[in-house]
file data_30.txt (compact mmCIF, C-alpha atoms and all ligand atoms)
# COMPACT_ATOMS: atom_id res chain seq x y z
CA THR A 1 -14.61 -51.64 60.67
CA ASP A 2 -13.88 -55.31 59.94
CA HIS A 3 -15.49 -55.09 56.54
CA VAL A 4 -13.34 -52.09 55.53
CA THR A 5 -10.55 -52.64 52.98
CA LEU A 6 -7.40 -50.59 53.37
CA ASP A 7 -6.23 -49.23 50.02
CA PRO A 8 -3.78 -46.32 50.41
CA GLY A 9 -3.70 -44.19 47.29
CA PHE A 10 -6.79 -46.05 45.96
CA VAL A 11 -4.56 -48.35 43.93
CA ASN A 12 -7.32 -50.96 43.56
CA THR A 13 -10.46 -49.01 44.32
CA ALA A 14 -12.78 -47.74 41.59
CA SER A 15 -14.79 -44.76 42.83
CA CYS A 16 -17.27 -44.57 39.97
CA THR A 17 -18.28 -45.89 36.58
CA SER A 18 -17.51 -43.57 33.69
CA ASP A 19 -18.17 -43.34 29.94
CA ILE A 20 -15.54 -40.68 29.32
CA THR A 21 -11.96 -41.93 29.17
CA PHE A 22 -10.48 -45.41 28.74
CA ILE A 23 -6.93 -46.26 29.79
CA ASP A 24 -5.19 -49.60 29.44
CA GLY A 25 -1.98 -49.01 31.35
CA ASP A 26 -0.27 -52.22 30.25
CA ALA A 27 -0.94 -51.64 26.57
CA GLY A 28 -0.33 -47.87 26.67
CA ILE A 29 -3.83 -47.10 25.39
CA LEU A 30 -5.67 -43.82 26.06
CA ARG A 31 -9.02 -43.01 24.42
CA TYR A 32 -11.48 -40.17 24.94
CA ARG A 33 -15.05 -41.41 24.35
CA GLY A 34 -13.53 -44.25 22.33
CA TYR A 35 -11.28 -42.15 20.11
CA PRO A 36 -7.52 -42.95 20.34
CA ILE A 37 -5.49 -40.05 21.73
CA ALA A 38 -3.08 -40.09 18.77
CA GLU A 39 -5.94 -39.57 16.30
CA LEU A 40 -7.38 -36.69 18.29
CA ALA A 41 -3.93 -35.09 18.72
CA GLU A 42 -3.35 -35.23 14.99
CA LYS A 43 -6.78 -34.43 13.62
CA SER A 44 -8.91 -32.69 16.21
CA SER A 45 -8.77 -29.27 17.82
CA PHE A 46 -8.85 -28.53 21.54
CA LEU A 47 -12.37 -27.09 21.40
CA GLU A 48 -13.67 -30.00 19.36
CA THR A 49 -12.10 -32.45 21.82
CA SER A 50 -13.53 -30.45 24.73
CA TYR A 51 -16.97 -30.73 23.19
CA LEU A 52 -16.46 -34.47 22.73
CA LEU A 53 -15.50 -34.91 26.39
CA ILE A 54 -18.26 -32.72 27.80
CA TYR A 55 -21.18 -33.72 25.56
CA GLY A 56 -20.16 -37.26 24.58
CA GLU A 57 -19.95 -36.99 20.78
CA LEU A 58 -17.83 -35.08 18.30
CA PRO A 59 -19.70 -31.92 17.29
CA THR A 60 -21.09 -31.37 13.82
CA PRO A 61 -19.55 -28.30 12.14
CA ALA A 62 -22.66 -26.31 13.15
CA GLN A 63 -22.44 -27.49 16.76
CA LEU A 64 -18.75 -26.62 16.91
CA THR A 65 -19.43 -23.14 15.56
CA GLU A 66 -22.20 -22.64 18.10
CA PHE A 67 -19.96 -23.85 20.94
CA THR A 68 -17.09 -21.61 19.78
CA ASP A 69 -19.39 -18.60 19.46
CA LYS A 70 -20.86 -19.17 22.90
CA LEU A 71 -17.38 -19.34 24.40
CA SER A 72 -16.32 -16.11 22.75
CA MET A 73 -19.33 -14.36 24.34
CA HIS A 74 -17.97 -15.16 27.80
CA THR A 75 -14.21 -14.52 27.64
CA LEU A 76 -14.41 -11.21 29.50
CA LEU A 77 -14.08 -11.18 33.26
CA HIS A 78 -16.43 -8.99 35.24
CA GLU A 79 -14.68 -5.62 35.37
CA GLU A 80 -14.57 -5.72 39.19
CA MET A 81 -12.89 -9.06 38.99
CA ARG A 82 -9.99 -7.59 37.03
CA GLY A 83 -9.18 -5.56 40.13
CA PHE A 84 -9.04 -8.76 42.16
CA PHE A 85 -5.63 -9.59 40.66
CA ASN A 86 -4.10 -6.51 42.30
CA GLY A 87 -4.50 -8.11 45.70
CA PHE A 88 -1.85 -10.75 45.07
CA PRO A 89 1.86 -10.19 45.60
CA ARG A 90 3.80 -9.71 42.38
CA ASP A 91 5.82 -12.90 42.88
CA ALA A 92 2.75 -15.07 43.53
CA HIS A 93 2.77 -18.45 41.84
CA PRO A 94 0.10 -18.38 39.11
CA MET A 95 -1.49 -21.69 40.22
CA PRO A 96 -3.00 -20.35 43.47
CA VAL A 97 -4.00 -17.19 41.57
CA LEU A 98 -5.74 -19.38 38.98
CA SER A 99 -7.48 -21.44 41.60
CA SER A 100 -8.55 -18.32 43.54
CA GLY A 101 -9.80 -16.79 40.30
CA VAL A 102 -11.99 -19.81 39.61
CA SER A 103 -13.21 -19.80 43.19
CA ALA A 104 -14.01 -16.10 42.81
CA LEU A 105 -16.15 -16.79 39.72
CA SER A 106 -18.73 -18.22 42.11
CA THR A 107 -19.01 -14.79 43.75
CA TRP A 108 -19.44 -12.81 40.53
CA TYR A 109 -21.59 -15.31 38.65
CA GLN A 110 -24.08 -16.43 41.25
CA ASP A 111 -26.72 -17.21 38.65
CA SER A 112 -24.95 -20.40 37.54
CA LEU A 113 -24.23 -22.24 40.78
CA ASP A 114 -27.06 -24.78 41.07
CA PRO A 115 -25.66 -28.26 40.26
CA PHE A 116 -29.15 -29.59 39.56
CA ASP A 117 -30.36 -26.93 37.14
CA PRO A 118 -29.17 -28.06 33.68
CA ALA A 119 -29.28 -24.53 32.26
CA GLN A 120 -27.10 -23.24 35.10
CA VAL A 121 -24.67 -26.15 34.71
CA GLU A 122 -24.42 -25.32 31.02
CA LEU A 123 -23.83 -21.65 31.73
CA SER A 124 -21.11 -22.39 34.30
CA THR A 125 -19.51 -24.82 31.83
CA ILE A 126 -19.31 -22.13 29.14
CA ARG A 127 -18.18 -19.48 31.59
CA LEU A 128 -15.40 -21.66 32.96
CA MET A 129 -14.12 -22.73 29.56
CA ALA A 130 -14.24 -19.14 28.28
CA LYS A 131 -12.76 -17.41 31.32
CA LEU A 132 -9.99 -19.77 32.43
CA PRO A 133 -7.56 -18.60 29.70
CA THR A 134 -8.31 -14.99 30.66
CA ILE A 135 -7.66 -15.69 34.35
CA ALA A 136 -4.50 -17.65 33.48
CA SER A 137 -3.07 -14.82 31.41
CA TYR A 138 -3.91 -12.25 34.10
CA ALA A 139 -2.03 -14.32 36.67
CA TYR A 140 0.98 -14.06 34.36
CA LYS A 141 0.56 -10.38 33.44
CA LYS A 142 0.37 -9.50 37.10
CA SER A 143 3.67 -11.28 37.77
CA ILE A 144 5.52 -9.27 35.12
CA GLY A 145 3.84 -5.94 35.83
CA GLN A 146 2.18 -5.60 32.41
CA PRO A 147 -1.37 -4.33 31.84
CA LEU A 148 -4.16 -6.89 31.67
CA MET A 149 -5.34 -7.26 28.07
CA TYR A 150 -8.95 -7.56 26.99
CA PRO A 151 -9.77 -10.73 25.03
CA ASP A 152 -10.04 -10.48 21.24
CA ASN A 153 -13.04 -12.61 20.32
CA SER A 154 -12.16 -12.66 16.64
CA LEU A 155 -9.28 -14.99 17.52
CA GLY A 156 -9.39 -18.74 18.16
CA TYR A 157 -9.29 -20.10 21.72
CA VAL A 158 -5.54 -20.72 21.85
CA GLU A 159 -4.64 -17.69 19.74
CA ASN A 160 -6.66 -15.46 22.07
CA PHE A 161 -4.87 -16.94 25.10
CA LEU A 162 -1.44 -16.41 23.50
CA ARG A 163 -2.28 -12.78 22.75
CA LEU A 164 -3.65 -12.19 26.25
CA THR A 165 -0.43 -13.66 27.64
CA PHE A 166 2.28 -12.30 25.36
CA GLY A 167 0.61 -9.30 23.73
CA VAL A 168 0.68 -5.70 24.94
CA PRO A 169 -1.96 -3.05 24.20
CA THR A 170 0.41 -0.80 22.27
CA THR A 171 1.51 -3.26 19.59
CA PRO A 172 -0.41 -5.65 17.31
CA TYR A 173 0.31 -9.23 18.30
CA GLU A 174 1.14 -11.75 15.60
CA VAL A 175 0.27 -15.29 16.61
CA ASP A 176 2.90 -17.80 15.49
CA PRO A 177 0.86 -20.60 13.86
CA VAL A 178 3.39 -23.28 14.88
CA VAL A 179 3.11 -22.20 18.50
CA ALA A 180 -0.70 -22.06 18.34
CA ARG A 181 -1.11 -25.47 16.72
CA THR A 182 1.41 -27.11 19.06
CA LEU A 183 -0.18 -25.62 22.17
CA ASP A 184 -3.63 -26.69 20.93
CA MET A 185 -2.31 -30.25 20.47
CA LEU A 186 -0.74 -30.27 23.95
CA LEU A 187 -4.04 -29.13 25.47
CA ILE A 188 -5.74 -32.08 23.73
CA LEU A 189 -3.19 -34.47 25.27
CA HIS A 190 -3.99 -33.12 28.74
CA ALA A 191 -7.76 -32.89 28.34
CA ASP A 192 -8.74 -35.90 30.43
CA HIS A 193 -7.14 -38.82 32.23
CA GLU A 194 -9.98 -40.54 34.08
CA GLN A 195 -9.76 -40.70 37.88
CA ASN A 196 -6.39 -38.99 38.49
CA CYS A 197 -5.73 -36.96 41.66
CA SER A 198 -7.23 -33.66 40.49
CA THR A 199 -10.23 -35.21 38.73
CA SER A 200 -11.00 -37.35 41.76
CA THR A 201 -10.80 -34.15 43.81
CA VAL A 202 -13.26 -32.39 41.50
CA ARG A 203 -15.67 -35.32 41.79
CA LEU A 204 -15.24 -35.67 45.54
CA VAL A 205 -15.87 -31.98 46.20
CA GLY A 206 -18.81 -32.03 43.80
CA SER A 207 -20.23 -35.16 45.40
CA GLY A 208 -21.12 -33.00 48.39
CA HIS A 209 -23.08 -30.83 45.91
CA ALA A 210 -20.57 -27.99 45.84
CA ASN A 211 -20.91 -25.98 42.62
CA LEU A 212 -18.77 -26.46 39.51
CA PHE A 213 -16.56 -23.42 40.17
CA ALA A 214 -15.79 -24.59 43.72
CA SER A 215 -15.11 -28.14 42.54
CA VAL A 216 -12.77 -27.08 39.71
CA SER A 217 -10.97 -24.60 41.96
CA SER A 218 -10.19 -27.53 44.27
CA GLY A 219 -9.03 -29.58 41.30
CA ILE A 220 -6.56 -26.86 40.35
CA HIS A 221 -5.01 -27.03 43.82
CA ALA A 222 -4.80 -30.82 43.55
CA LEU A 223 -3.10 -30.48 40.17
CA SER A 224 -0.47 -28.10 41.53
CA GLY A 225 1.53 -30.73 43.45
CA PRO A 226 4.82 -31.93 41.92
CA LEU A 227 3.69 -35.57 41.84
CA HIS A 228 0.79 -34.52 39.61
CA GLY A 229 0.58 -31.53 37.25
CA GLY A 230 3.36 -29.67 39.03
CA ALA A 231 5.74 -32.28 37.59
CA ASN A 232 6.16 -30.30 34.35
CA GLN A 233 7.65 -27.38 36.30
CA ALA A 234 9.67 -29.79 38.46
CA VAL A 235 11.20 -31.45 35.37
CA LEU A 236 12.53 -28.15 34.07
CA GLU A 237 13.90 -27.26 37.50
CA MET A 238 15.56 -30.68 37.68
CA LEU A 239 17.14 -30.26 34.24
CA ALA A 240 18.31 -26.73 35.04
CA GLY A 241 19.76 -27.99 38.34
CA ILE A 242 21.71 -30.74 36.56
CA GLN A 243 23.02 -28.23 34.03
CA GLU A 244 24.08 -25.75 36.73
CA SER A 245 25.99 -28.40 38.61
CA GLY A 246 28.04 -29.37 35.56
CA GLY A 247 25.67 -31.54 33.51
CA ASP A 248 26.61 -34.90 35.04
CA VAL A 249 23.53 -36.93 34.14
CA ARG A 250 24.94 -40.23 35.39
CA ASP A 251 25.64 -38.76 38.80
CA PHE A 252 22.07 -37.47 38.99
CA VAL A 253 20.70 -40.93 38.10
CA ARG A 254 22.91 -42.41 40.83
CA ARG A 255 21.39 -40.01 43.36
CA VAL A 256 17.88 -41.01 42.25
CA LYS A 257 18.74 -44.69 42.63
CA ASP A 258 20.31 -44.06 46.04
CA LYS A 259 16.95 -42.49 46.96
CA GLU A 260 18.58 -39.33 48.25
CA PRO A 261 15.85 -37.41 50.06
CA GLY A 262 13.88 -35.27 47.61
CA VAL A 263 15.69 -36.64 44.56
CA LYS A 264 13.39 -38.30 42.04
CA LEU A 265 13.50 -38.52 38.30
CA MET A 266 10.68 -36.08 37.70
CA GLY A 267 8.57 -36.77 34.63
CA PHE A 268 9.10 -40.51 35.07
CA GLY A 269 6.70 -43.11 36.40
CA HIS A 270 2.95 -43.41 36.41
CA ARG A 271 0.36 -45.15 38.56
CA VAL A 272 -1.40 -46.65 35.55
CA TYR A 273 1.03 -46.78 32.60
CA LYS A 274 3.53 -49.58 33.06
CA ASN A 275 5.03 -49.85 29.55
CA PHE A 276 4.78 -46.38 28.12
CA ASP A 277 2.63 -43.29 28.34
CA PRO A 278 1.07 -42.77 24.88
CA ARG A 279 0.98 -39.02 25.49
CA SER A 280 4.72 -38.87 26.08
CA VAL A 281 5.40 -40.57 22.75
CA ILE A 282 3.47 -37.79 20.98
CA VAL A 283 5.15 -35.05 23.01
CA LYS A 284 8.60 -36.46 22.35
CA LYS A 285 7.98 -36.40 18.60
CA ALA A 286 6.75 -32.81 18.86
CA VAL A 287 9.56 -31.41 20.98
CA ARG A 288 12.38 -31.78 18.46
CA ASP A 289 10.18 -30.71 15.62
CA VAL A 290 8.95 -27.61 17.39
CA LEU A 291 12.35 -26.54 18.67
CA ASP A 292 13.80 -27.00 15.18
CA ARG A 293 10.98 -25.14 13.47
CA MET A 294 11.18 -22.33 15.97
CA ALA A 295 14.98 -22.37 15.64
CA LYS A 296 15.33 -22.58 19.39
CA PRO A 297 17.92 -25.24 20.23
CA ASP A 298 18.04 -25.94 23.95
CA PRO A 299 20.91 -27.74 25.72
CA LEU A 300 18.35 -28.94 28.29
CA LEU A 301 16.76 -31.09 25.55
CA ASP A 302 20.03 -32.97 25.12
CA LEU A 303 20.24 -33.43 28.88
CA ALA A 304 16.66 -34.75 28.96
CA MET A 305 17.37 -37.19 26.14
CA GLN A 306 20.51 -38.43 27.86
CA LEU A 307 18.58 -38.87 31.10
CA GLU A 308 15.88 -40.85 29.35
CA GLU A 309 18.37 -43.06 27.55
CA ILE A 310 20.34 -43.84 30.70
CA ALA A 311 17.22 -44.47 32.77
CA LEU A 312 15.59 -46.75 30.22
CA ALA A 313 18.73 -48.92 30.19
CA ASP A 314 19.01 -49.08 33.97
CA ASP A 315 17.63 -51.92 36.04
CA TYR A 316 16.31 -49.58 38.75
CA PHE A 317 13.86 -48.01 36.29
CA VAL A 318 13.25 -51.11 34.16
CA SER A 319 12.38 -53.34 37.14
CA ARG A 320 9.99 -50.71 38.51
CA LYS A 321 8.44 -50.10 35.09
CA LEU A 322 9.27 -46.40 35.13
CA TYR A 323 8.95 -44.62 31.79
CA PRO A 324 8.74 -40.97 30.76
CA ASN A 325 5.25 -39.60 31.37
CA VAL A 326 3.47 -36.71 29.65
CA ASP A 327 5.33 -34.17 31.77
CA PHE A 328 8.87 -35.20 30.80
CA TYR A 329 9.17 -33.19 27.59
CA THR A 330 6.29 -30.71 27.71
CA GLY A 331 8.20 -28.11 29.73
CA LEU A 332 10.87 -27.88 27.04
CA ILE A 333 8.18 -26.97 24.50
CA TYR A 334 6.56 -24.43 26.82
CA LYS A 335 9.99 -22.91 27.45
CA ALA A 336 10.65 -22.57 23.70
CA MET A 337 7.26 -20.86 23.38
CA GLY A 338 8.38 -18.26 25.93
CA PHE A 339 6.37 -19.35 28.97
CA PRO A 340 8.16 -18.95 32.31
CA THR A 341 8.55 -22.16 34.32
CA LYS A 342 5.86 -21.09 36.80
CA MET A 343 3.23 -21.11 34.04
CA TYR A 344 3.70 -24.74 32.95
CA THR A 345 1.21 -26.23 35.38
CA VAL A 346 -1.27 -23.49 34.49
CA LEU A 347 -1.11 -24.75 30.90
CA PHE A 348 -1.83 -28.26 32.18
CA ALA A 349 -4.88 -26.84 34.00
CA LEU A 350 -6.14 -25.15 30.81
CA GLY A 351 -5.88 -28.50 29.07
CA ARG A 352 -7.48 -30.55 31.86
CA LEU A 353 -10.47 -28.21 32.30
CA PRO A 354 -12.86 -29.94 29.85
CA GLY A 355 -12.07 -33.27 31.51
CA TRP A 356 -12.85 -31.89 34.96
CA ILE A 357 -16.10 -30.40 33.67
CA ALA A 358 -17.12 -33.59 31.86
CA GLN A 359 -16.37 -35.74 34.93
CA TRP A 360 -18.21 -33.36 37.28
CA ARG A 361 -21.27 -33.33 35.01
CA GLU A 362 -21.22 -37.11 34.74
CA MET A 363 -20.94 -37.38 38.53
CA ILE A 364 -23.81 -34.95 39.16
CA SER A 365 -26.14 -36.64 36.69
CA ASP A 366 -25.33 -40.23 37.74
CA PRO A 367 -28.07 -41.59 40.03
CA ALA A 368 -25.50 -43.94 41.59
CA THR A 369 -23.44 -41.02 42.93
CA LYS A 370 -23.25 -40.77 46.71
CA ILE A 371 -21.25 -38.30 48.73
CA GLY A 372 -17.58 -39.35 48.61
CA ARG A 373 -16.68 -40.54 52.04
CA PRO A 374 -13.76 -42.98 52.33
CA ARG A 375 -13.46 -45.08 55.48
CA GLN A 376 -10.32 -45.57 57.56
CA VAL A 377 -8.62 -48.16 59.71
CA TYR A 378 -8.16 -46.59 63.12
CA THR A 379 -4.71 -47.23 64.67
CA GLY A 380 -4.70 -44.74 67.59
CA PRO A 381 -5.04 -45.34 71.34
CA THR A 382 -7.98 -47.30 72.70
CA GLU A 383 -10.20 -45.46 75.15
CA ARG A 384 -8.28 -43.66 77.90
CA HIS A 385 -9.32 -41.09 80.46
CA TYR A 386 -8.51 -37.45 81.01
CA PRO A 387 -6.24 -37.07 84.10
CA ALA A 388 -8.36 -36.35 87.17
N1 LIG B 1 11.99 -41.55 40.21
C1 LIG B 1 12.54 -42.50 40.99
N2 LIG B 1 11.90 -43.53 41.52
C2 LIG B 1 10.58 -43.61 41.27
C3 LIG B 1 9.91 -42.66 40.49
C4 LIG B 1 10.66 -41.60 39.95
N3 LIG B 1 10.07 -40.68 39.19
N4 LIG B 1 8.60 -42.99 40.41
C5 LIG B 1 8.45 -44.11 41.12
N5 LIG B 1 9.65 -44.49 41.64
C6 LIG B 1 9.91 -45.70 42.45
C7 LIG B 1 9.40 -45.54 43.86
O1 LIG B 1 10.39 -45.01 44.69
C8 LIG B 1 9.05 -46.97 44.20
O2 LIG B 1 10.26 -47.65 44.47
P1 LIG B 1 10.34 -48.77 45.64
O3 LIG B 1 9.45 -49.88 45.20
O4 LIG B 1 11.77 -49.12 45.74
O5 LIG B 1 9.83 -48.08 46.88
C9 LIG B 1 8.51 -47.54 42.88
O6 LIG B 1 9.16 -46.76 41.86
C10 LIG B 1 7.01 -47.44 42.73
O7 LIG B 1 6.64 -46.07 42.86
P2 LIG B 1 5.39 -45.54 43.62
O8 LIG B 1 5.73 -44.20 44.18
O9 LIG B 1 4.85 -46.58 44.55
O10 LIG B 1 4.36 -45.38 42.40
P3 LIG B 1 3.00 -44.57 42.43
O11 LIG B 1 2.12 -45.19 41.45
O12 LIG B 1 2.51 -44.41 43.81
O13 LIG B 1 3.46 -43.09 41.94
C11 LIG B 1 4.03 -41.27 40.57
C12 LIG B 1 3.31 -42.62 40.66
C13 LIG B 1 3.70 -40.65 39.21
C14 LIG B 1 3.52 -40.35 41.67
C15 LIG B 1 5.55 -41.50 40.71
O14 LIG B 1 6.02 -42.32 39.67
C16 LIG B 1 6.34 -40.19 40.75
O15 LIG B 1 6.49 -39.59 41.82
N6 LIG B 1 6.88 -39.70 39.57
C17 LIG B 1 7.55 -38.43 39.51
C18 LIG B 1 6.53 -37.28 39.44
C19 LIG B 1 5.84 -37.20 38.10
O16 LIG B 1 6.48 -37.21 37.06
N7 LIG B 1 4.51 -37.05 38.12
C20 LIG B 1 3.70 -36.88 36.92
C21 LIG B 1 2.81 -38.06 36.69
S1 LIG B 1 2.05 -38.07 35.05
C22 LIG B 1 1.07 -36.64 34.89
C23 LIG B 1 0.18 -36.33 36.05
O17 LIG B 1 -0.44 -37.21 36.65
O18 LIG B 1 0.05 -35.17 36.38
call {"tool": "encode", "arguments": {"input": "data_30.txt", "output": "structure tokens"}}
result
Amino acid sequence: TDHVTLDPGFVNTASCTSDITFIDGDAGILRYRGYPIAELAEKSSFLETSYLLIYGELPTPAQLTEFTDKLSMHTLLHEEMRGFFNGFPRDAHPMPVLSSGVSALSTWYQDSLDPFDPAQVELSTIRLMAKLPTIASYAYKKSIGQPLMYPDNSLGYVENFLRLTFGVPTTPYEVDPVVARTLDMLLILHADHEQNCSTSTVRLVGSGHANLFASVSSGIHALSGPLHGGANQAVLEMLAGIQESGGDVRDFVRRVKDKEPGVKLMGFGHRVYKNFDPRSVIVKKAVRDVLDRMAKPDPLLDLAMQLEEIALADDYFVSRKLYPNVDFYTGLIYKAMGFPTKMYTVLFALGRLPGWIAQWREMISDPATKIGRPRQVYTGPTERHYPA
């Protein structure tokens, strides 16, 4: 293995070429198919951005309507699959339920599993995009003991998800437009991020020619960890922990700097962004605005702002180029919207789905793709013999 290069965490190793997302970590630039993230967050919608990521160009109005209509034809889960949610314990975390649900799609929708049949890939794309919000809301409904709602296909993508999540069959559900627009914008911010941990997982699993449902189910598990998508839940837990123990932000920062086991400033730091995360700038602007407009002041927001201010003035964080990432403020918005902490990473998954799909499709159709198979540097015993 002399020719093998050791690169833990793939810090310097590119695994593919890609036309989808561009990041310049030093300049804080993020673009989907060339379009700056700030422009998409302000002007686009989540479905339009999803179309852009998956098919490569912004849709014409007619294409967007067709895409939206196709999605609304597939929001229902197979009736037998609704029963599937009963098998989980009530206190199950919704991330494994979401991942299992996506995995289970491959058992109910066996006519869209062939990675090399373009019509089947298209059908699994539409099914996944349409059904993930339904599965996500069922994971939540199960945890609070409420009946599973049927989708309302007259509603928009995000509005339908909000109703499935917060509505009940006995009462009409009024979607708050501020909540819907803000959630739509947050989904755009999460929609792709090139070869991050979960996307690399989706590609790696797919590189062995596993189907799209199997690949995305694996990506959801990869996303769940606190160093990745699970960070949004971990930030809120960190803030709540600081508040419960008296709100001493400086003492918490000291513990981070002393590297107390398990104590990190969650929502800070990024493998690629070394000056700022352009997504976090947009989220930070939104958080105050949204909390004000929803008249939901939250003492945890003040704690978060204090933490950020202290950290950004501290040599520990400055010298290591640690800045708030996308996850630092998102949880506070989700909390104001009424989502329980356990659902935050599920929302990240809903946002990241079009990116996973786009990357999987690019991987499958790229003639240069080979099965993902990293090498290793062996450091164990040399040959030895079993005792006689
Ligand atoms: N708090 C305290 N110290 C940190 C943090 C942090 N959040 N992040 C990095 N460091 C330190 C780390 O201990 C190391 O210090 P030293 O050189 O003394 O050993 C140095 O900074 C470099 O860190 P690293 O762990 O080598 O950096 P990485 O690129 O491998 O890790 C990261 C990136 C995002 C996993 C890491 O910054 C982290 O754990 N952050 C907290 C979790 C988090 O917010 N994750 C969300 C990332 S953005 C959205 C997403 O991807 O899902």
call {"tool": "axis_aligned_box", "arguments": {"input": "data_30.txt", "around": "range 80-90 of chain A", "padding_each_side": "5 Å", "output": "AutoDock Vina command-line options"}}
result
--center_x -5.4 --center_y -8.2 --center_z 41.4 --size_x 28.4 --size_y 15.2 --size_z 18.7
call {"tool": "residues_around", "arguments": {"input": "data_30.txt", "residues": "Leu98 in chain A", "least_positions_apart": "4", "cutoff": "12 Å", "atoms": "all atoms listed in the file", "output": "JSON, numbers by chain"}}
result
{"A": [84, 85, 88, 92, 93, 94, 102, 103, 104, 105, 128, 131, 132, 133, 134, 135, 136, 137, 138, 139, 140, 142, 213, 216, 217, 218, 219, 220, 221, 223, 224, 342, 343, 345, 346, 347, 348, 349, 350]}
call {"tool": "residues_near_ligand", "arguments": {"input": "data_30.txt", "ligand": "ligand LIG 1 (chain B)", "cutoff": "6 Å", "atoms": "only C-alpha atoms and all ligand atoms", "output": "VMD selection string"}}
result
chain A and resid 227 to 229 231 256 264 to 271 320 325 to 327
call {"tool": "residues_around", "arguments": {"input": "data_30.txt", "residues": "range 55-70 of chain A", "least_positions_apart": "5", "cutoff": "9 Å", "atoms": "only C-alpha atoms", "output": "PyMOL selection string"}}
result
chain A and resi 19-20+33+47-50+126+130+153+156-157+358
call {"tool": "write_last_selection", "arguments": {"input": "data_30.txt", "atoms": "C-alpha atoms", "output": "PDB file, in the frame of the given file"}}
result
ATOM      1  CA  ASP A  19     -18.170 -43.340  29.940  1.00  0.00           C
ATOM      2  CA  ILE A  20     -15.540 -40.680  29.320  1.00  0.00           C
ATOM      3  CA  ARG A  33     -15.050 -41.410  24.350  1.00  0.00           C
ATOM      4  CA  LEU A  47     -12.370 -27.090  21.400  1.00  0.00           C
ATOM      5  CA  GLU A  48     -13.670 -30.000  19.360  1.00  0.00           C
ATOM      6  CA  THR A  49     -12.100 -32.450  21.820  1.00  0.00           C
ATOM      7  CA  SER A  50     -13.530 -30.450  24.730  1.00  0.00           C
ATOM      8  CA  ILE A 126     -19.310 -22.130  29.140  1.00  0.00           C
ATOM      9  CA  ALA A 130     -14.240 -19.140  28.280  1.00  0.00           C
ATOM     10  CA  ASN A 153     -13.040 -12.610  20.320  1.00  0.00           C
ATOM     11  CA  GLY A 156      -9.390 -18.740  18.160  1.00  0.00           C
ATOM     12  CA  TYR A 157      -9.290 -20.100  21.720  1.00  0.00           C
ATOM     13  CA  ALA A 358     -17.120 -33.590  31.860  1.00  0.00           C
TER      14      ALA A 358
END
call {"tool": "closest_residue", "arguments": {"input": "data_30.txt", "among": "A:Ser200, A:Leu236, A:Arg288, A:Tyr378", "to": "Ala14 in chain A", "atoms": "all atoms listed in the file"}}
result
A:Ser200
call {"tool": "residues_around", "arguments": {"input": "data_30.txt", "residues": "Gly25 in chain A", "least_positions_apart": "3", "cutoff": "7 Å", "atoms": "all atoms listed in the file", "output": "count of residues only"}}
result
5
call {"tool": "atom_distance", "arguments": {"input": "data_30.txt", "atom1": "CA of Arg127 in chain A", "atom2": "CA of Ala191 in chain A"}}
result
17.3 Å
